[in-house]
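Colleague: Have a look at this one.
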2 protein chains.
Amino acid sequence: MTGRLRILGLGPGAEALVTPEVSAAMEEATDVIGYIPYVARVPDREGLVKHATDNRVEIDRSRHALELAAAGRDVIVVSSGDPGVFAMASAVFEALEAGPAAWRAIDIQVLPGITACLAASARAGAPLGHDFCVINLSDNLKPWAVIEARLRLAAEADFAMAFYNPRSKSRPEGFAAALEILKDACGDARPIIFARAVSTPEEAIRIVPLPDARPEMADMRTMVILGSSRTRLIARPEGAPIVYTPRSIPA
Amino acid sequence: MTGRLRILGLGPGAEALVTPEVSAAMEEATDVIGYIPYVARVPDREGLVKHATDNRVEIDRSRHALELAAAGRDVIVVSSGDPGVFAMASAVFEALEAGPAAWRAIDIQVLPGITACLAASARAGAPLGHDFCVINLSDNLKPWAVIEARLRLAAEADFAMAFYNPRSKSRPEGFAAALEILKDACGDARPIIFARAVSTPEEAIRIVPLPDARPEMADMRTMVILGSSRTRLIARPEGAPIVYTPRSIPA
């Protein structure tokens, strides 16, 4: 079997945040598979076939990628951010596990990328500079009760928290409920960051105290980062303050 | 004030994982500051002054960087991985907050990098493909009781977990204690990954069931990733199995 499959991350948006390893894979591939806007980021080239699909068909897309690689093609599956963080890698492995045994011999690699929470954290300062957790707020694939339990336990552990997929048109009420849980569980005015479209021309960063956070501050292009109880603000003479979490916790 | 300070991440080790944004900053800087092995990764060049320091002097190093930037230099502070994840960004902001008010006018940016846990996750498959947390196991800067509480709450939340700084020569007992807590709190045979020196010639990946994990499987160059209760293994005809966490949790 001579084909291969690489699942790669394009980072948050800017070309300057695409790793050379990922750029090289894009130059070598015979086939690229992914959601339309991510496939569009792969430069057109003779010998490259683009298979762009709509969102929410991750398993079909994964099977297609595995079939092409099994047939000898040099396939890349593209995600934004890092492919291993709420992106295509798990979907491909689900399809692999459920598929024909022969697929397990395919040469498969995951090529990491700059995930949205670290790009957003860098823009705000270093809010994830101490222990933190990363939670997908979408309840498409898990019960809401699991999300609620995780939010409360993360607050009890005093983790900083990064939230993917905070809010969609189809379920705006989920993020409102999440904010109410966090306000209740944290009980303080720690900073919360709404970082939209980081590293793109539409980038917008907004920092408010948790009690002032409102659901409409986020949309599906927004990464939300909530500090821990120890997260601090440094005011600056111009522009937004710096948000960071110190490295130490006193005994 | 015309100087500037950029805090940047060199990724886990391979040059192919350094972002173009970071490479450009290394080409522009007048001064580079950091721990000896990371400063050594910045190419020598006329007009670039290298200030390499030993480990554990992060605050001195940060003050020095801020002083140089305030004096008009184009300064980069280099970390491995991502500067915002248990690296130099929080140290610089601690020094900034405690320093002269004039420092707050310095142009400061954090340039993200591929952090060790995502590089390790990519090599193993997608163990961080669902909600996860990231914990520094060093008790240099926080009480051990905080670490223990966070491990137990993270297990209760059923997060996958990534551990930085699992074990050092000066405190080997900490990681042994952490493993005992995790075995007790998880109570199952989920996979744990020991990923050493990922993306370097010394890379070594070892995957064992949690009950078989032993402290000596990790050193300070090892990233340890523990699956959630739902993390799965896919055996392959050759080589290591794939470890991944599915995207969904059934109701």
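Just so we're on the same page: first chain in the structure tokens is A, next is B, and so on; residues restart at 1 for each chain, and ligands are numbered from 1 in the order they show up.
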Within 6 Å of chain B, which residues of chain A come that close, and what is the closest atom pair and distance in Å for each? Count only C-alpha atoms and give it as CSV.
Modeller:
```
residue,atom,partner,partner_atom,distance
A:Ala16,CA,B:Glu21,CA,4.9
A:Leu17,CA,B:Thr19,CA,5.3
A:Thr19,CA,B:Thr19,CA,4.8
A:Pro20,CA,B:Ala16,CA,5.0
A:Glu21,CA,B:Ala16,CA,4.9
A:Gly84,CA,B:Ala126,CA,5.1
A:Val85,CA,B:Gly129,CA,5.1
A:Phe86,CA,B:Gly129,CA,5.6
A:Ser90,CA,B:Pro246,CA,5.7
A:Arg104,CA,B:Arg236,CA,5.4
A:Val110,CA,B:Ala122,CA,5.0
A:Pro112,CA,B:Ala119,CA,5.9
A:Ile114,CA,B:Ile114,CA,5.9
A:Ala119,CA,B:Pro112,CA,5.9
A:Ala122,CA,B:Val110,CA,5.0
A:Ala126,CA,B:Gly84,CA,5.1
A:Gly129,CA,B:Val85,CA,5.1
A:Asp131,CA,B:Ile135,CA,4.7
A:Phe132,CA,B:Val134,CA,5.4
A:Cys133,CA,B:Cys133,CA,3.9
A:Val134,CA,B:Phe132,CA,5.4
A:Ile135,CA,B:Asp131,CA,4.7
A:Leu141,CA,B:Ser248,CA,4.5
A:Lys142,CA,B:Ile249,CA,4.7
A:Pro143,CA,B:Ala251,CA,5.4
A:Arg150,CA,B:Ala157,CA,5.2
A:Ala157,CA,B:Arg150,CA,5.2
A:Arg236,CA,B:Arg104,CA,5.4
A:Pro246,CA,B:Ser90,CA,5.7
A:Ser248,CA,B:Leu141,CA,4.6
A:Ile249,CA,B:Lys142,CA,4.6
A:Ala251,CA,B:Pro143,CA,5.3
```
Colleague: When you look at segment 176-191 of chain A with a cut-off of 7 Å (counting only C-alpha atoms), what residues show up, excluding the ones that are within fewer than 6 positions of it in the same chain? I need them as a list in words.
Modeller: Leu151, Arg152, Ala155, Ile207, Val208, Pro209, Leu210, Pro211, Pro215, Leu226, Gly227, Ser229 and Thr231 of chain A
Colleague: Those same residues, written as a CSV table (one decimal), in the first residue's frame with all heavy atoms?
Modeller:
```
chain,number,residue,atom,x,y,z
A,151,LEU,N,-18.0,22.2,33.6
A,151,LEU,CA,-17.8,23.6,33.9
A,151,LEU,C,-17.7,23.8,35.4
A,151,LEU,O,-16.8,24.5,35.9
A,151,LEU,CB,-19.0,24.4,33.4
A,151,LEU,CG,-19.1,24.5,31.9
A,151,LEU,CD1,-20.4,25.3,31.5
A,151,LEU,CD2,-17.9,25.2,31.2
A,152,ARG,N,-18.6,23.1,36.2
A,152,ARG,CA,-18.5,23.3,37.6
A,152,ARG,C,-17.3,22.7,38.2
A,152,ARG,O,-16.7,23.3,39.1
A,152,ARG,CB,-19.8,22.6,38.3
A,152,ARG,CG,-21.1,23.4,37.9
A,152,ARG,CD,-22.3,23.0,38.8
A,152,ARG,NE,-23.4,23.8,38.4
A,152,ARG,CZ,-23.7,25.1,38.8
A,152,ARG,NH1,-22.8,25.7,39.7
A,152,ARG,NH2,-24.8,25.7,38.4
A,155,ALA,N,-14.3,24.9,37.4
A,155,ALA,CA,-14.3,26.1,38.3
A,155,ALA,C,-13.8,25.7,39.7
A,155,ALA,O,-13.0,26.4,40.3
A,155,ALA,CB,-15.7,26.7,38.4
A,207,ILE,N,-12.4,42.2,26.3
A,207,ILE,CA,-12.1,41.7,27.6
A,207,ILE,C,-13.1,42.4,28.6
A,207,ILE,O,-13.1,43.6,28.7
A,207,ILE,CB,-10.7,42.0,28.0
A,207,ILE,CG1,-9.7,41.4,27.0
A,207,ILE,CG2,-10.4,41.5,29.5
A,207,ILE,CD1,-8.3,42.0,27.1
A,208,VAL,N,-13.8,41.6,29.3
A,208,VAL,CA,-14.8,42.1,30.3
A,208,VAL,C,-14.7,41.3,31.6
A,208,VAL,O,-14.3,40.2,31.6
A,208,VAL,CB,-16.3,42.1,29.8
A,208,VAL,CG1,-16.4,43.0,28.5
A,208,VAL,CG2,-16.8,40.7,29.6
A,209,PRO,N,-15.1,41.9,32.7
A,209,PRO,CA,-15.2,41.1,33.9
A,209,PRO,C,-16.4,40.1,33.7
A,209,PRO,O,-17.4,40.4,33.1
A,209,PRO,CB,-15.6,42.1,35.0
A,209,PRO,CG,-15.4,43.5,34.4
A,209,PRO,CD,-15.6,43.3,32.9
A,210,LEU,N,-16.2,38.9,34.3
A,210,LEU,CA,-17.2,37.8,34.1
A,210,LEU,C,-18.6,38.2,34.3
A,210,LEU,O,-19.5,37.9,33.5
A,210,LEU,CB,-16.8,36.6,34.9
A,210,LEU,CG,-17.7,35.4,34.9
A,210,LEU,CD1,-17.9,34.8,33.5
A,210,LEU,CD2,-17.2,34.3,35.9
A,211,PRO,N,-18.9,39.0,35.4
A,211,PRO,CA,-20.3,39.3,35.6
A,211,PRO,C,-20.9,40.2,34.5
A,211,PRO,O,-22.1,40.2,34.3
A,211,PRO,CB,-20.3,40.2,36.9
A,211,PRO,CG,-19.0,39.7,37.6
A,211,PRO,CD,-18.0,39.4,36.5
A,215,PRO,N,-24.2,36.7,26.3
A,215,PRO,CA,-24.1,35.6,25.3
A,215,PRO,C,-23.8,36.2,23.9
A,215,PRO,O,-23.0,35.6,23.2
A,215,PRO,CB,-25.5,35.0,25.3
A,215,PRO,CG,-26.1,35.3,26.6
A,215,PRO,CD,-25.5,36.6,27.1
A,226,LEU,N,-11.7,32.1,29.8
A,226,LEU,CA,-12.1,32.6,31.1
A,226,LEU,C,-10.8,32.4,32.0
A,226,LEU,O,-10.3,31.3,32.0
A,226,LEU,CB,-13.3,31.9,31.7
A,226,LEU,CG,-13.7,32.2,33.1
A,226,LEU,CD1,-14.1,33.6,33.3
A,226,LEU,CD2,-14.8,31.2,33.6
A,227,GLY,N,-10.4,33.4,32.7
A,227,GLY,CA,-9.3,33.3,33.6
A,227,GLY,C,-9.6,32.4,34.8
A,227,GLY,O,-10.7,32.0,35.1
A,229,SER,N,-9.0,32.1,39.2
A,229,SER,CA,-9.2,33.2,40.2
A,229,SER,C,-8.0,34.0,40.3
A,229,SER,O,-8.0,35.1,40.9
A,229,SER,CB,-9.5,32.5,41.6
A,229,SER,OG,-8.4,31.8,42.0
A,231,THR,N,-6.0,35.1,37.7
A,231,THR,CA,-5.7,35.8,36.5
A,231,THR,C,-5.8,37.3,36.7
A,231,THR,O,-6.7,37.8,37.4
A,231,THR,CB,-6.7,35.4,35.3
A,231,THR,OG1,-6.5,34.0,35.2
A,231,THR,CG2,-6.4,36.1,34.0
```
Colleague: As an MDAnalysis selection string, please: all residues of segment 55-218 of chain A that backbone DSSP puts in alpha helix (DSSP H).
Modeller: chainID A and resid 58:70 88:98 116:124 144:156 172:186
Colleague: Under the rule that only C-alpha atoms are counted, which of A:Ala52, A:Leu66, A:Val198, A:Ala95 is the nearest residue to Gly13 of chain A?
Modeller: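 Selected residue with least distance to Gly13 of chain A: A:Val198.
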Colleague: Residues within 10 Å of segment 74-77 of chain A, please, as a JSON list (two decimals) with N, CA and C atoms, in the first residue's frame. Count only C-alpha atoms; anything in the same chain fewer than 4 positions from it doesn't count.
Modeller:
```json
[["chain", "number", "residue", "atom", "x", "y", "z"],
["A", 2, "THR", "N", 0.82, 2.05, -1.04],
["A", 2, "THR", "CA", 1.76, 3.16, -1.18],
["A", 2, "THR", "C", 1.14, 4.52, -0.89],
["A", 3, "GLY", "N", -0.19, 4.56, -0.73],
["A", 3, "GLY", "CA", -0.81, 5.85, -0.43],
["A", 3, "GLY", "C", -0.53, 6.28, 1.00],
["A", 4, "ARG", "N", -0.89, 7.50, 1.28],
["A", 4, "ARG", "CA", -0.79, 7.93, 2.67],
["A", 4, "ARG", "C", -1.83, 9.00, 2.95],
["A", 5, "LEU", "N", -2.05, 9.22, 4.24],
["A", 5, "LEU", "CA", -3.05, 10.19, 4.68],
["A", 5, "LEU", "C", -2.42, 11.05, 5.76],
["A", 6, "ARG", "N", -2.45, 12.35, 5.53],
["A", 6, "ARG", "CA", -1.98, 13.27, 6.56],
["A", 6, "ARG", "C", -3.11, 14.22, 6.94],
["A", 7, "ILE", "N", -3.33, 14.34, 8.24],
["A", 7, "ILE", "CA", -4.40, 15.18, 8.77],
["A", 7, "ILE", "C", -3.70, 16.39, 9.34],
["A", 8, "LEU", "N", -3.97, 17.55, 8.77],
["A", 8, "LEU", "CA", -3.13, 18.68, 9.15],
["A", 8, "LEU", "C", -3.93, 19.90, 9.58],
["A", 9, "GLY", "N", -3.24, 20.76, 10.33],
["A", 9, "GLY", "CA", -3.86, 21.96, 10.90],
["A", 9, "GLY", "C", -3.33, 23.20, 10.25],
["A", 22, "VAL", "N", 3.40, 21.67, 7.43],
["A", 22, "VAL", "CA", 2.07, 21.67, 6.81],
["A", 22, "VAL", "C", 2.14, 22.24, 5.38],
["A", 25, "ALA", "N", 3.40, 19.56, 3.10],
["A", 25, "ALA", "CA", 2.40, 18.53, 2.82],
["A", 25, "ALA", "C", 1.39, 19.01, 1.78],
["A", 26, "MET", "N", 1.06, 20.31, 1.84],
["A", 26, "MET", "CA", 0.12, 20.86, 0.86],
["A", 26, "MET", "C", 0.73, 20.86, -0.55],
["A", 28, "GLU", "N", 2.84, 18.59, -1.64],
["A", 28, "GLU", "CA", 3.09, 17.22, -2.10],
["A", 28, "GLU", "C", 1.82, 16.45, -2.44],
["A", 29, "ALA", "N", 0.70, 16.83, -1.83],
["A", 29, "ALA", "CA", -0.51, 16.01, -1.89],
["A", 29, "ALA", "C", -1.08, 15.90, -3.29],
["A", 30, "THR", "N", -1.76, 14.77, -3.54],
["A", 30, "THR", "CA", -2.53, 14.63, -4.78],
["A", 30, "THR", "C", -4.00, 14.99, -4.55],
["A", 31, "ASP", "N", -4.45, 14.89, -3.29],
["A", 31, "ASP", "CA", -5.87, 15.12, -2.98],
["A", 31, "ASP", "C", -5.98, 15.86, -1.65],
["A", 32, "VAL", "N", -6.83, 16.87, -1.62],
["A", 32, "VAL", "CA", -7.11, 17.56, -0.37],
["A", 32, "VAL", "C", -8.60, 17.46, -0.08],
["A", 33, "ILE", "N", -8.91, 17.14, 1.17],
["A", 33, "ILE", "CA", -10.29, 16.92, 1.60],
["A", 33, "ILE", "C", -10.57, 17.77, 2.81],
["A", 34, "GLY", "N", -11.74, 18.43, 2.83],
["A", 34, "GLY", "CA", -12.09, 19.20, 4.02],
["A", 34, "GLY", "C", -13.28, 20.10, 3.77],
["A", 35, "TYR", "N", -13.58, 20.85, 4.79],
["A", 35, "TYR", "CA", -14.65, 21.83, 4.76],
["A", 35, "TYR", "C", -14.26, 22.95, 3.78],
["A", 38, "TYR", "N", -11.61, 25.75, 4.33],
["A", 38, "TYR", "CA", -10.23, 25.30, 4.63],
["A", 38, "TYR", "C", -9.58, 24.75, 3.36],
["A", 39, "VAL", "N", -10.35, 24.03, 2.54],
["A", 39, "VAL", "CA", -9.80, 23.56, 1.27],
["A", 39, "VAL", "C", -9.40, 24.75, 0.39],
["A", 48, "LEU", "N", -3.24, 18.47, -8.21],
["A", 48, "LEU", "CA", -3.92, 18.47, -6.92],
["A", 48, "LEU", "C", -5.43, 18.48, -7.14],
["A", 49, "VAL", "N", -6.11, 17.48, -6.61],
["A", 49, "VAL", "CA", -7.57, 17.41, -6.71],
["A", 49, "VAL", "C", -8.17, 17.90, -5.40],
["A", 50, "LYS", "N", -9.07, 18.86, -5.50],
["A", 50, "LYS", "CA", -9.71, 19.40, -4.29],
["A", 50, "LYS", "C", -11.10, 18.79, -4.11],
["A", 51, "HIS", "N", -11.33, 18.24, -2.92],
["A", 51, "HIS", "CA", -12.63, 17.65, -2.58],
["A", 51, "HIS", "C", -13.19, 18.47, -1.41],
["A", 61, "ARG", "N", -16.51, 12.42, 4.99],
["A", 61, "ARG", "CA", -15.27, 13.01, 4.51],
["A", 61, "ARG", "C", -14.07, 12.15, 4.91],
["A", 62, "SER", "N", -14.13, 11.63, 6.13],
["A", 62, "SER", "CA", -13.03, 10.79, 6.64],
["A", 62, "SER", "C", -12.96, 9.49, 5.87],
["A", 64, "HIS", "N", -13.98, 8.93, 2.86],
["A", 64, "HIS", "CA", -13.50, 9.26, 1.51],
["A", 64, "HIS", "C", -11.98, 9.40, 1.52],
["A", 65, "ALA", "N", -11.44, 10.08, 2.52],
["A", 65, "ALA", "CA", -9.98, 10.27, 2.61],
["A", 65, "ALA", "C", -9.28, 8.92, 2.76],
["A", 66, "LEU", "N", -9.83, 8.05, 3.60],
["A", 66, "LEU", "CA", -9.21, 6.74, 3.82],
["A", 66, "LEU", "C", -9.28, 5.89, 2.55],
["A", 67, "GLU", "N", -10.40, 5.96, 1.85],
["A", 67, "GLU", "CA", -10.53, 5.20, 0.58],
["A", 67, "GLU", "C", -9.49, 5.66, -0.44],
["A", 68, "LEU", "N", -9.33, 6.96, -0.56],
["A", 68, "LEU", "CA", -8.36, 7.48, -1.53],
["A", 68, "LEU", "C", -6.92, 7.08, -1.14],
["A", 69, "ALA", "N", -6.60, 7.17, 0.14],
["A", 69, "ALA", "CA", -5.25, 6.79, 0.58],
["A", 69, "ALA", "C", -5.03, 5.29, 0.36],
["A", 70, "ALA", "N", -6.07, 4.49, 0.64],
["A", 70, "ALA", "CA", -5.95, 3.03, 0.44],
["A", 70, "ALA", "C", -5.75, 2.71, -1.04],
["A", 83, "PRO", "N", -5.42, 19.85, 14.16],
["A", 83, "PRO", "CA", -6.39, 18.82, 13.77],
["A", 83, "PRO", "C", -6.83, 17.94, 14.93],
["A", 88, "MET", "N", -10.53, 17.48, 12.72],
["A", 88, "MET", "CA", -10.75, 16.27, 11.92],
["A", 88, "MET", "C", -10.05, 15.00, 12.40],
["A", 89, "ALA", "N", -9.03, 15.09, 13.24],
["A", 89, "ALA", "CA", -8.27, 13.87, 13.54],
["A", 89, "ALA", "C", -9.15, 12.79, 14.19],
["A", 92, "VAL", "N", -11.44, 11.11, 11.64],
["A", 92, "VAL", "CA", -10.76, 10.15, 10.77],
["A", 92, "VAL", "C", -10.50, 8.84, 11.53],
["A", 107, "ASP", "N", -0.52, 4.45, 5.92],
["A", 107, "ASP", "CA", 0.41, 5.38, 6.56],
["A", 107, "ASP", "C", -0.36, 6.65, 6.90],
["A", 108, "ILE", "N", -0.64, 6.85, 8.19],
["A", 108, "ILE", "CA", -1.42, 8.02, 8.62],
["A", 108, "ILE", "C", -0.60, 8.86, 9.59],
["A", 109, "GLN", "N", -0.58, 10.14, 9.37],
["A", 109, "GLN", "CA", 0.11, 11.05, 10.29],
["A", 109, "GLN", "C", -0.78, 12.25, 10.60],
["A", 110, "VAL", "N", -0.65, 12.75, 11.81],
["A", 110, "VAL", "CA", -1.29, 14.00, 12.20],
["A", 110, "VAL", "C", -0.21, 15.08, 12.28],
["A", 111, "LEU", "N", -0.41, 16.18, 11.57],
["A", 111, "LEU", "CA", 0.56, 17.28, 11.60],
["A", 111, "LEU", "C", -0.04, 18.43, 12.41]]
```
